[in-house]
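Data file: start-v8.pdb. Format and content: PDB, C-alpha atoms.
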ATOM      1  CA  MET A 166       2.197   0.955   4.083  1.00  0.00           C
ATOM      2  CA  ILE A 167      -0.574   3.418   3.244  1.00  0.00           C
ATOM      3  CA  ALA A 168       0.120   6.658   1.410  1.00  0.00           C
ATOM      4  CA  ALA A 169      -2.506   9.411   1.379  1.00  0.00           C
ATOM      5  CA  PHE A 170      -2.390  12.782  -0.354  1.00  0.00           C
ATOM      6  CA  PHE A 171      -4.950  15.468   0.359  1.00  0.00           C
ATOM      7  CA  ILE A 172      -4.748  17.989  -2.456  1.00  0.00           C
ATOM      8  CA  PRO A 173      -7.064  20.810  -3.541  1.00  0.00           C
ATOM      9  CA  ASP A 174      -9.164  18.670  -5.893  1.00  0.00           C
ATOM     10  CA  ALA A 175      -9.346  15.319  -4.104  1.00  0.00           C
ATOM     11  CA  ILE A 176      -8.088  12.888  -1.483  1.00  0.00           C
ATOM     12  CA  VAL A 177      -5.944  10.062  -2.879  1.00  0.00           C
ATOM     13  CA  MET A 178      -4.974   6.892  -0.992  1.00  0.00           C
ATOM     14  CA  ALA A 179      -2.948   3.845  -2.011  1.00  0.00           C
ATOM     15  CA  THR A 180      -1.551   0.635  -0.550  1.00  0.00           C
ATOM     16  CA  ALA A 181      -0.097  -2.667  -1.714  1.00  0.00           C
ATOM     17  CA  ALA A 182      -2.695  -5.142  -2.977  1.00  0.00           C
ATOM     18  CA  CYS A 183      -1.256  -8.117  -1.106  1.00  0.00           C
ATOM     19  CA  ASP A 184      -0.899  -9.574   2.364  1.00  0.00           C
ATOM     20  CA  SER A 185       2.120 -11.257   3.916  1.00  0.00           C
ATOM     21  CA  TYR A 186       1.796 -14.261   6.229  1.00  0.00           C
ATOM     22  CA  THR A 187       4.401 -16.158   8.229  1.00  0.00           C
ATOM     23  CA  VAL A 188       3.854 -19.912   7.925  1.00  0.00           C
ATOM     24  CA  ALA A 189       5.710 -23.072   8.854  1.00  0.00           C
ATOM     25  CA  THR A 190       7.302 -24.936   5.959  1.00  0.00           C
ATOM     26  CA  ALA A 191       6.146 -28.267   7.427  1.00  0.00           C
ATOM     27  CA  PRO A 192       3.609 -29.412  10.048  1.00  0.00           C
ATOM     28  CA  ASP A 193       6.332 -30.623  12.392  1.00  0.00           C
ATOM     29  CA  GLU A 194       7.017 -28.661  15.562  1.00  0.00           C
ATOM     30  CA  GLY A 195      10.129 -26.587  15.177  1.00  0.00           C
ATOM     31  CA  SER A 196       9.781 -26.436  11.404  1.00  0.00           C
ATOM     32  CA  PRO A 197      11.433 -23.443   9.719  1.00  0.00           C
ATOM     33  CA  VAL A 198       9.109 -20.589   8.900  1.00  0.00           C
ATOM     34  CA  THR A 199       8.805 -18.627   5.700  1.00  0.00           C
ATOM     35  CA  THR A 200       6.907 -15.570   4.535  1.00  0.00           C
ATOM     36  CA  ILE A 201       4.333 -15.897   1.782  1.00  0.00           C
ATOM     37  CA  HIS A 202       2.773 -13.029  -0.137  1.00  0.00           C
ATOM     38  CA  ILE A 203      -0.859 -13.461  -1.146  1.00  0.00           C
ATOM     39  CA  PRO A 204      -2.503 -11.100  -3.664  1.00  0.00           C
ATOM     40  CA  SER A 205      -5.476  -9.406  -2.050  1.00  0.00           C
ATOM     41  CA  SER A 206      -7.817  -6.486  -2.556  1.00  0.00           C
ATOM     42  CA  GLY A 207      -9.337  -6.383   0.895  1.00  0.00           C
ATOM     43  CA  HIS A 208      -7.637  -3.288   2.249  1.00  0.00           C
ATOM     44  CA  MET A 209     -10.297  -0.756   1.362  1.00  0.00           C
ATOM     45  CA  MET A 210     -13.781  -0.052   2.668  1.00  0.00           C
ATOM     46  CA  THR A 211     -16.218   2.539   1.402  1.00  0.00           C
ATOM     47  CA  PHE A 212     -19.113   4.019   3.331  1.00  0.00           C
ATOM     48  CA  TRP A 213     -22.148   5.325   1.434  1.00  0.00           C
ATOM     49  CA  ASN A 214     -19.864   5.970  -1.568  1.00  0.00           C
ATOM     50  CA  ARG A 215     -18.673   9.122   0.207  1.00  0.00           C
ATOM     51  CA  TYR A 216     -16.053   8.041   2.735  1.00  0.00           C
ATOM     52  CA  ALA A 217     -13.258   5.516   2.411  1.00  0.00           C
ATOM     53  CA  LEU A 218     -10.970   3.624   4.754  1.00  0.00           C
ATOM     54  CA  VAL A 219      -7.658   2.137   3.643  1.00  0.00           C
ATOM     55  CA  PHE A 220      -6.150  -0.133   6.266  1.00  0.00           C
ATOM     56  CA  ARG A 221      -3.527  -2.766   7.047  1.00  0.00           C
ATOM     57  CA  PRO A 222      -3.696  -5.174   9.989  1.00  0.00           C
ATOM     58  CA  ALA A 223      -1.035  -4.421  12.585  1.00  0.00           C
ATOM     59  CA  ASP A 224      -0.692  -8.206  12.950  1.00  0.00           C
ATOM     60  CA  GLU A 225       0.410  -9.466   9.546  1.00  0.00           C
ATOM     61  CA  ASN A 226      -1.329 -12.784  10.166  1.00  0.00           C
ATOM     62  CA  MET A 227      -4.760 -11.257  10.809  1.00  0.00           C
ATOM     63  CA  LEU A 228      -7.229 -11.535   7.946  1.00  0.00           C
ATOM     64  CA  CYS A 229      -8.521  -8.271   6.515  1.00  0.00           C
ATOM     65  CA  SER A 230     -12.044  -9.697   6.305  1.00  0.00           C
ATOM     66  CA  GLU A 231     -12.225  -9.741  10.115  1.00  0.00           C
ATOM     67  CA  ILE A 232     -11.604  -5.990  10.268  1.00  0.00           C
ATOM     68  CA  THR A 233     -14.079  -5.270   7.480  1.00  0.00           C
ATOM     69  CA  ALA A 234     -16.874  -7.259   9.118  1.00  0.00           C
ATOM     70  CA  ARG A 235     -16.433  -5.566  12.490  1.00  0.00           C
ATOM     71  CA  LEU A 236     -16.307  -2.036  11.130  1.00  0.00           C
ATOM     72  CA  ARG A 237     -19.230  -2.623   8.790  1.00  0.00           C
ATOM     73  CA  GLU A 238     -21.427  -3.096  11.868  1.00  0.00           C
ATOM     74  CA  VAL A 239     -21.071   0.635  12.605  1.00  0.00           C
ATOM     75  CA  CYS A 240     -23.166   1.498   9.534  1.00  0.00           C
ATOM     76  CA  ARG A 241     -26.219  -0.161  11.074  1.00  0.00           C
ATOM     77  CA  ARG A 242     -26.581   2.737  13.480  1.00  0.00           C
ATOM     78  CA  TRP A 243     -28.147   4.817  10.709  1.00  0.00           C
ATOM     79  CA  PRO A 244     -31.334   3.939   8.805  1.00  0.00           C
ATOM     80  CA  ASP A 245     -31.240   3.191   5.085  1.00  0.00           C
ATOM     81  CA  GLY A 246     -30.903   6.335   3.050  1.00  0.00           C
ATOM     82  CA  GLU A 247     -29.363   8.399   5.844  1.00  0.00           C
ATOM     83  CA  VAL A 248     -25.715   9.389   5.484  1.00  0.00           C
ATOM     84  CA  PRO A 249     -24.008  10.739   8.612  1.00  0.00           C
ATOM     85  CA  ALA A 250     -21.386  13.467   8.462  1.00  0.00           C
ATOM     86  CA  ILE A 251     -17.893  11.997   8.575  1.00  0.00           C
ATOM     87  CA  ASP A 252     -17.047  13.801  11.817  1.00  0.00           C
ATOM     88  CA  ALA A 253     -20.178  12.226  13.345  1.00  0.00           C
ATOM     89  CA  LEU A 254     -19.190   8.784  12.015  1.00  0.00           C
ATOM     90  CA  MET A 255     -15.594   8.747  13.258  1.00  0.00           C
ATOM     91  CA  PRO A 256     -16.338   8.581  17.023  1.00  0.00           C
ATOM     92  CA  TYR A 257     -18.291   5.351  16.385  1.00  0.00           C
ATOM     93  CA  ILE A 258     -15.485   3.966  14.225  1.00  0.00           C
ATOM     94  CA  LYS A 259     -13.058   4.708  17.053  1.00  0.00           C
ATOM     95  CA  LYS A 260     -15.366   3.142  19.647  1.00  0.00           C
ATOM     96  CA  GLN A 261     -15.710  -0.016  17.544  1.00  0.00           C
ATOM     97  CA  ILE A 262     -11.944  -0.273  17.162  1.00  0.00           C
ATOM     98  CA  MET A 263     -11.409   0.126  20.898  1.00  0.00           C
ATOM     99  CA  ASP A 264     -14.310  -2.115  21.990  1.00  0.00           C
ATOM    100  CA  THR A 265     -13.307  -4.988  19.706  1.00  0.00           C
ATOM    101  CA  GLY A 266      -9.563  -4.565  20.176  1.00  0.00           C
ATOM    102  CA  ILE A 267      -8.849  -4.237  16.467  1.00  0.00           C
ATOM    103  CA  GLN A 268      -5.177  -3.531  15.882  1.00  0.00           C
ATOM    104  CA  MET A 269      -4.722  -1.844  12.542  1.00  0.00           C
ATOM    105  CA  LEU A 270      -3.092   1.000  10.689  1.00  0.00           C
ATOM    106  CA  GLY A 271      -5.263   3.088   8.442  1.00  0.00           C
ATOM    107  CA  VAL A 272      -6.396   6.330   6.871  1.00  0.00           C
ATOM    108  CA  MET A 273     -10.080   7.261   6.861  1.00  0.00           C
ATOM    109  CA  ALA A 274     -11.085  10.174   4.654  1.00  0.00           C
ATOM    110  CA  GLY A 275     -13.970  11.951   2.996  1.00  0.00           C
ATOM    111  CA  TYR A 276     -15.679  15.269   2.511  1.00  0.00           C
ATOM    112  CA  GLY A 277     -17.970  17.027   4.941  1.00  0.00           C
ATOM    113  CA  ASN A 278     -19.416  20.513   5.144  1.00  0.00           C
ATOM    114  CA  GLY A 279     -17.226  23.339   6.387  1.00  0.00           C
ATOM    115  CA  SER A 280     -18.397  26.230   8.503  1.00  0.00           C
ATOM    116  CA  ASP A 281     -19.308  28.139   5.336  1.00  0.00           C
ATOM    117  CA  GLY A 282     -21.217  25.198   3.886  1.00  0.00           C
ATOM    118  CA  ALA A 283     -18.553  24.436   1.277  1.00  0.00           C
ATOM    119  CA  PRO A 284     -17.084  20.907   0.971  1.00  0.00           C
ATOM    120  CA  GLU A 285     -14.273  20.333   3.465  1.00  0.00           C
ATOM    121  CA  GLN A 286     -11.772  17.482   3.564  1.00  0.00           C
ATOM    122  CA  PHE A 287     -11.538  15.253   6.617  1.00  0.00           C
ATOM    123  CA  VAL A 288      -8.526  12.926   6.821  1.00  0.00           C
ATOM    124  CA  TYR A 289      -7.970  10.746   9.897  1.00  0.00           C
ATOM    125  CA  GLN A 290      -4.885   8.695  10.709  1.00  0.00           C
ATOM    126  CA  ILE A 291      -5.484   5.440  12.592  1.00  0.00           C
ATOM    127  CA  LEU A 292      -2.695   3.870  14.636  1.00  0.00           C
ATOM    128  CA  GLY A 293      -4.486   1.282  16.755  1.00  0.00           C
ATOM    129  CA  SER A 294      -6.617   3.253  19.210  1.00  0.00           C
ATOM    130  CA  ASN A 295      -4.764   6.489  18.395  1.00  0.00           C
ATOM    131  CA  ILE A 296      -7.077   8.162  15.888  1.00  0.00           C
ATOM    132  CA  ARG A 297      -6.699  11.808  14.974  1.00  0.00           C
ATOM    133  CA  ARG A 298      -7.421  14.221  12.174  1.00  0.00           C
ATOM    134  CA  VAL A 299      -4.238  15.072  10.255  1.00  0.00           C
ATOM    135  CA  ASN A 300      -5.326  17.536   7.555  1.00  0.00           C
ATOM    136  CA  VAL A 301      -5.707  20.606   9.768  1.00  0.00           C
ATOM    137  CA  ASP A 302      -3.232  22.791  11.630  1.00  0.00           C
ATOM    138  CA  ASN A 303      -3.430  23.785  15.300  1.00  0.00           C
ATOM    139  CA  ASP A 304      -6.013  26.440  14.430  1.00  0.00           C
ATOM    140  CA  LEU A 305      -8.126  23.856  12.532  1.00  0.00           C
ATOM    141  CA  ARG A 306      -7.317  25.414   9.189  1.00  0.00           C
ATOM    142  CA  PRO A 307      -7.267  22.832   6.359  1.00  0.00           C
ATOM    143  CA  LEU A 308      -3.876  21.649   5.084  1.00  0.00           C
ATOM    144  CA  PHE A 309      -2.899  20.234   1.703  1.00  0.00           C
ATOM    145  CA  ASP A 310      -0.248  17.660   2.476  1.00  0.00           C
ATOM    146  CA  TYR A 311       0.391  13.919   2.656  1.00  0.00           C
ATOM    147  CA  VAL A 312       0.781  11.195   5.245  1.00  0.00           C
ATOM    148  CA  CYS A 313       2.486   7.788   5.169  1.00  0.00           C
ATOM    149  CA  VAL A 314       1.190   5.263   7.704  1.00  0.00           C
ATOM    150  CA  GLU A 315       3.620   2.419   8.389  1.00  0.00           C
ATOM    151  CA  LYS A 316       4.128  -0.233  11.029  1.00  0.00           C
ATOM    152  CA  ASN A 317       7.911   0.004  10.702  1.00  0.00           C
ATOM    153  CA  PRO A 318       8.788   3.521   9.541  1.00  0.00           C
ATOM    154  CA  MET A 319      10.863   3.407   6.399  1.00  0.00           C
ATOM    155  CA  VAL A 320       9.425   5.854   3.893  1.00  0.00           C
ATOM    156  CA  ASN A 321       8.869   8.364   6.694  1.00  0.00           C
ATOM    157  CA  ARG A 322      12.495   7.935   7.712  1.00  0.00           C
ATOM    158  CA  LEU A 323      13.644   8.543   4.135  1.00  0.00           C
ATOM    159  CA  LEU A 324      11.501  11.637   3.664  1.00  0.00           C
ATOM    160  CA  GLN A 325      11.872  13.342   7.043  1.00  0.00           C
ATOM    161  CA  GLU A 326      14.829  15.223   8.468  1.00  0.00           C
ATOM    162  CA  VAL A 327      17.405  12.741   9.743  1.00  0.00           C
ATOM    163  CA  ALA A 328      20.747  12.739  11.513  1.00  0.00           C
ATOM    164  CA  VAL A 329      23.506  10.878   9.662  1.00  0.00           C
ATOM    165  CA  ARG A 330      26.808   9.864  11.201  1.00  0.00           C
ATOM    166  CA  ASN A 331      29.852  11.148   9.344  1.00  0.00           C
ATOM    167  CA  GLY A 332      32.924   9.821  11.099  1.00  0.00           C
ATOM    168  CA  ASP A 333      32.705  11.045  14.684  1.00  0.00           C
ATOM    169  CA  GLN A 334      30.171  13.725  13.830  1.00  0.00           C
ATOM    170  CA  TRP A 335      26.409  13.648  13.376  1.00  0.00           C
ATOM    171  CA  GLU A 336      25.133  15.694  10.470  1.00  0.00           C
ATOM    172  CA  THR A 337      21.524  16.728   9.945  1.00  0.00           C
ATOM    173  CA  GLN A 338      20.102  16.025   6.507  1.00  0.00           C
ATOM    174  CA  PRO A 339      17.040  18.102   5.535  1.00  0.00           C
ATOM    175  CA  SER A 340      13.728  16.469   4.761  1.00  0.00           C
ATOM    176  CA  VAL A 341      12.562  15.837   1.208  1.00  0.00           C
ATOM    177  CA  LEU A 342      10.279  18.704   0.256  1.00  0.00           C
ATOM    178  CA  LEU A 343       7.060  17.706  -1.532  1.00  0.00           C
ATOM    179  CA  HIS A 344       4.445  20.149  -2.829  1.00  0.00           C
ATOM    180  CA  PRO A 345       1.000  18.488  -2.602  1.00  0.00           C
ATOM    181  CA  ARG A 346      -0.904  21.783  -2.765  1.00  0.00           C
ATOM    182  CA  TYR A 347       0.123  22.021  -6.442  1.00  0.00           C
ATOM    183  CA  TYR A 348      -0.609  18.400  -7.387  1.00  0.00           C
ATOM    184  CA  SER A 349      -3.238  17.300  -9.859  1.00  0.00           C
ATOM    185  CA  THR A 350      -5.163  14.128  -9.035  1.00  0.00           C
ATOM    186  CA  GLU A 351      -3.011  12.198 -11.518  1.00  0.00           C
ATOM    187  CA  MET A 352       0.174  13.481  -9.895  1.00  0.00           C
ATOM    188  CA  ALA A 353      -1.090  12.578  -6.416  1.00  0.00           C
ATOM    189  CA  LEU A 354      -1.913   9.049  -7.624  1.00  0.00           C
ATOM    190  CA  SER A 355       1.534   8.701  -9.148  1.00  0.00           C
ATOM    191  CA  MET A 356       3.242   9.891  -5.966  1.00  0.00           C
ATOM    192  CA  ALA A 357       1.139   7.676  -3.682  1.00  0.00           C
ATOM    193  CA  ARG A 358       1.943   4.617  -5.782  1.00  0.00           C
ATOM    194  CA  ARG A 359       5.614   5.562  -5.902  1.00  0.00           C
ATOM    195  CA  LEU A 360       5.843   5.779  -2.114  1.00  0.00           C
ATOM    196  CA  VAL A 361       4.102   2.409  -1.711  1.00  0.00           C
ATOM    197  CA  ASP A 362       6.571   0.957  -4.218  1.00  0.00           C
ATOM    198  CA  ILE A 363       9.501   2.360  -2.218  1.00  0.00           C
ATOM    199  CA  SER A 364       8.115   0.810   0.962  1.00  0.00           C
ATOM    200  CA  SER A 365       7.635  -2.581  -0.701  1.00  0.00           C
ATOM    201  CA  MET A 366      11.062  -2.464  -2.304  1.00  0.00           C
ATOM    202  CA  THR A 367      12.910  -1.660   0.920  1.00  0.00           C
ATOM    203  CA  ALA A 368      10.996  -4.354   2.829  1.00  0.00           C
ATOM    204  CA  ARG A 369      12.121  -6.947   0.246  1.00  0.00           C
ATOM    205  CA  ILE A 370      15.439  -5.455  -0.726  1.00  0.00           C
ATOM    206  CA  GLU A 371      17.174  -8.853  -0.660  1.00  0.00           C
ATOM    207  CA  ASP A 372      14.233 -10.783  -2.130  1.00  0.00           C
ATOM    208  CA  VAL A 373      14.986  -9.904  -5.746  1.00  0.00           C
ATOM    209  CA  ALA A 374      13.057 -12.923  -7.059  1.00  0.00           C
ATOM    210  CA  THR A 375       9.710 -11.593  -5.796  1.00  0.00           C
ATOM    211  CA  PRO A 376       8.181  -8.851  -7.954  1.00  0.00           C
ATOM    212  CA  LEU A 377       6.726  -5.790  -6.317  1.00  0.00           C
ATOM    213  CA  PRO A 378       3.021  -6.174  -5.499  1.00  0.00           C
ATOM    214  CA  GLU A 379       0.283  -4.483  -7.427  1.00  0.00           C
ATOM    215  CA  ILE A 380      -1.072  -1.313  -5.870  1.00  0.00           C
ATOM    216  CA  GLU A 381      -4.702  -0.541  -5.164  1.00  0.00           C
ATOM    217  CA  SER A 382      -5.776   3.074  -4.888  1.00  0.00           C
ATOM    218  CA  ILE A 383      -8.856   5.194  -4.438  1.00  0.00           C
ATOM    219  CA  VAL A 384      -9.786   8.812  -5.146  1.00  0.00           C
ATOM    220  CA  ILE A 385     -12.358  10.708  -3.084  1.00  0.00           C
ATOM    221  CA  THR A 386     -13.915  13.855  -4.550  1.00  0.00           C
ATOM    222  CA  PRO A 387     -16.631  16.169  -3.180  1.00  0.00           C
ATOM    223  CA  THR A 388     -19.172  14.331  -5.345  1.00  0.00           C
ATOM    224  CA  GLY A 389     -18.181  10.743  -4.592  1.00  0.00           C
ATOM    225  CA  ILE A 390     -15.554   8.030  -4.835  1.00  0.00           C
ATOM    226  CA  ILE A 391     -13.580   6.980  -7.899  1.00  0.00           C
ATOM    227  CA  PRO A 392     -12.062   3.509  -7.380  1.00  0.00           C
ATOM    228  CA  ASN A 393      -8.883   2.521  -9.215  1.00  0.00           C
ATOM    229  CA  ASN A 394      -8.130  -1.017 -10.296  1.00  0.00           C
ATOM    230  CA  PRO A 395      -4.990  -2.589  -8.834  1.00  0.00           C
ATOM    231  CA  GLN A 396      -1.945  -1.917 -11.007  1.00  0.00           C
ATOM    232  CA  ASN A 397       1.794  -1.816 -10.778  1.00  0.00           C
ATOM    233  CA  GLY A 398       3.091   1.446  -9.370  1.00  0.00           C
TER     234      GLY A 398
END
Translate the structure described by the file into structure tokens.
Amino acid sequence: MIAAFFIPDAIVMATAACDSYTVATAPDEGSPVTTIHIPSSGHMMTFWNRYALVFRPADENMLCSEITARLREVCRRWPDGEVPAIDALMPYIKKQIMDTGIQMLGVMAGYGNGSDGAPEQFVYQILGSNIRRVNVDNDLRPLFDYVCVEKNPMVNRLLQEVAVRNGDQWETQPSVLLHPRYYSTEMALSMARRLVDISSMTARIEDVATPLPEIESIVITPTGIIPNNPQNG
């Protein structure tokens, strides 16, 4: 899962610093399969130290390096020293994803210039070929909020309004109300890591012997990117 918070001072993104692969326990045909968890730090890409992409392969057995290599080719469209605006870069990112058939989940974010020349946040959600900006309302006014990108919705299901069966009746439970517009960068980092922890914990709820993975995170500010070393949430 990827958690992203876009708050007044920065854009914060986090994800688990590991990959899971399904492998056979023996080379024989029909061998039982098991899931292995490999520590990794290949889920983040930066572009010109201004924009960042946090991603997970939709296919758990796809290597992250394959996605990185294909998307890095997009940067060659601009000469050395030239940095495109993020809204000019994203159509080429989308085209590369569609042309190469990359199946991934991700959040791409960075700062551009608003209509008044002031720094403006751009946050894009990537669900395969479905790529859209998520930090503006219908009138294109910027929003301070968060997004959780998951292959199998779990955290979203916990946080959003849900219907719960109570006997023969269905009762609506309200969504969990978060307040990102008031968050400091430190609070946004803490919340992003906490949501990734919740996702990892629910995915391995019966696998008590496996510790939760470390979390890698990144902070984007109007002046550049501040990487964060992987750490426990």
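Between atom CA of A:Ser205 and atom CA of A:Ala182 the separation is 5.2 Å.
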For this structure, which residues satisfy the selection - the PyMOL selection byres ((chain A and resi 184) around 12) - when it is evaluated on the file as given? I want them as a compact mmCIF listing (two decimals) with C-alpha atoms, in the frame of the given file.
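Full text of part32.txt as output:
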# COMPACT_ATOMS: atom_id res chain seq x y z
CA MET A 166 2.20 0.96 4.08
CA THR A 180 -1.55 0.64 -0.55
CA ALA A 181 -0.10 -2.67 -1.71
CA ALA A 182 -2.70 -5.14 -2.98
CA CYS A 183 -1.26 -8.12 -1.11
CA SER A 185 2.12 -11.26 3.92
CA TYR A 186 1.80 -14.26 6.23
CA THR A 187 4.40 -16.16 8.23
CA THR A 200 6.91 -15.57 4.54
CA ILE A 201 4.33 -15.90 1.78
CA HIS A 202 2.77 -13.03 -0.14
CA ILE A 203 -0.86 -13.46 -1.15
CA PRO A 204 -2.50 -11.10 -3.66
CA SER A 205 -5.48 -9.41 -2.05
CA SER A 206 -7.82 -6.49 -2.56
CA GLY A 207 -9.34 -6.38 0.90
CA HIS A 208 -7.64 -3.29 2.25
CA PHE A 220 -6.15 -0.13 6.27
CA ARG A 221 -3.53 -2.77 7.05
CA PRO A 222 -3.70 -5.17 9.99
CA ALA A 223 -1.03 -4.42 12.58
CA ASP A 224 -0.69 -8.21 12.95
CA GLU A 225 0.41 -9.47 9.55
CA ASN A 226 -1.33 -12.78 10.17
CA MET A 227 -4.76 -11.26 10.81
CA LEU A 228 -7.23 -11.54 7.95
CA CYS A 229 -8.52 -8.27 6.52
CA SER A 230 -12.04 -9.70 6.30
CA SER A 365 7.64 -2.58 -0.70
CA PRO A 378 3.02 -6.17 -5.50
CA GLU A 379 0.28 -4.48 -7.43
CA ILE A 380 -1.07 -1.31 -5.87
From the list A:Val341, A:Ile258, A:Ala169, A:Leu323, which residue is nearest A:Thr367 when using all atoms listed in the file? A:Leu323
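Residues surrounding A:Ala179 within 7 Å are Ile167, Ala168, Ala169, Ala357, Arg358, Ile380, Glu381, Ser382 and Ile383 of chain A [all atoms listed in the file; sequence separation below 5 positions excluded].
Atom CA of A:Gly271 is positioned 26.4 Å from atom CA of A:Gly246.
Here the question is which of A:Ile363, A:Met269, A:Ala274, A:Val299 gets nearest to A:Val384 using only C-alpha atoms, and that residue is A:Ala274.
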Once the PyMOL selection byres ((chain A and resi 198) around 6) is applied to the coordinates I shared, what remains selected? I want it as an mmCIF file with C-alpha atoms, in the coordinates of the input.
data_model
loop_
_atom_site.group_PDB
_atom_site.id
_atom_site.type_symbol
_atom_site.label_atom_id
_atom_site.label_comp_id
_atom_site.auth_asym_id
_atom_site.auth_seq_id
_atom_site.Cartn_x
_atom_site.Cartn_y
_atom_site.Cartn_z
ATOM 1 C CA VAL A 188 3.854 -19.912 7.925
ATOM 2 C CA ALA A 189 5.710 -23.072 8.854
ATOM 3 C CA THR A 190 7.302 -24.936 5.959
ATOM 4 C CA PRO A 197 11.433 -23.443 9.719
ATOM 5 C CA THR A 199 8.805 -18.627 5.700
#
Determine the residue membership of the PyMOL selection byres ((chain A and resi 174) around 12) for the file above and supply it as a PDB file with C-alpha atoms, keeping the file's coordinate frame.
ATOM      1  CA  PHE A 170      -2.390  12.782  -0.354  1.00  0.00           C
ATOM      2  CA  PHE A 171      -4.950  15.468   0.359  1.00  0.00           C
ATOM      3  CA  ILE A 172      -4.748  17.989  -2.456  1.00  0.00           C
ATOM      4  CA  PRO A 173      -7.064  20.810  -3.541  1.00  0.00           C
ATOM      5  CA  ALA A 175      -9.346  15.319  -4.104  1.00  0.00           C
ATOM      6  CA  ILE A 176      -8.088  12.888  -1.483  1.00  0.00           C
ATOM      7  CA  VAL A 177      -5.944  10.062  -2.879  1.00  0.00           C
ATOM      8  CA  TYR A 276     -15.679  15.269   2.511  1.00  0.00           C
ATOM      9  CA  PRO A 284     -17.084  20.907   0.971  1.00  0.00           C
ATOM     10  CA  GLU A 285     -14.273  20.333   3.465  1.00  0.00           C
ATOM     11  CA  GLN A 286     -11.772  17.482   3.564  1.00  0.00           C
ATOM     12  CA  PHE A 309      -2.899  20.234   1.703  1.00  0.00           C
ATOM     13  CA  PRO A 345       1.000  18.488  -2.602  1.00  0.00           C
ATOM     14  CA  ARG A 346      -0.904  21.783  -2.765  1.00  0.00           C
ATOM     15  CA  TYR A 347       0.123  22.021  -6.442  1.00  0.00           C
ATOM     16  CA  TYR A 348      -0.609  18.400  -7.387  1.00  0.00           C
ATOM     17  CA  SER A 349      -3.238  17.300  -9.859  1.00  0.00           C
ATOM     18  CA  THR A 350      -5.163  14.128  -9.035  1.00  0.00           C
ATOM     19  CA  GLU A 351      -3.011  12.198 -11.518  1.00  0.00           C
ATOM     20  CA  MET A 352       0.174  13.481  -9.895  1.00  0.00           C
ATOM     21  CA  ALA A 353      -1.090  12.578  -6.416  1.00  0.00           C
ATOM     22  CA  VAL A 384      -9.786   8.812  -5.146  1.00  0.00           C
ATOM     23  CA  ILE A 385     -12.358  10.708  -3.084  1.00  0.00           C
ATOM     24  CA  THR A 386     -13.915  13.855  -4.550  1.00  0.00           C
ATOM     25  CA  PRO A 387     -16.631  16.169  -3.180  1.00  0.00           C
ATOM     26  CA  THR A 388     -19.172  14.331  -5.345  1.00  0.00           C
TER      27      THR A 388
END
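The coordinates place atom CA of A:Met210 at 24.0 Å from atom CA of A:Val320.
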Could you check which of A:Arg241, A:Ile390, A:Met356, A:Asn300 is closest to A:Leu218, using all atoms listed in the file? A:Ile390
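Minimum atom-to-atom distance to A:Glu238, evaluated using all atoms listed in the file, belongs to A:Gln261 out of A:Ala217, A:Met366, A:Gly279, A:Gln261.
Considering all atoms listed in the file, the residue among A:Cys313, A:Arg235, A:Gly275, A:Glu371 positioned nearest to A:Leu254 is A:Gly275.
Between A:Val361 and the candidates A:Ala253, A:Met319, A:Ile262, A:Val272, the tightest atom-to-atom separation, counting all atoms listed in the file, involves A:Met319.
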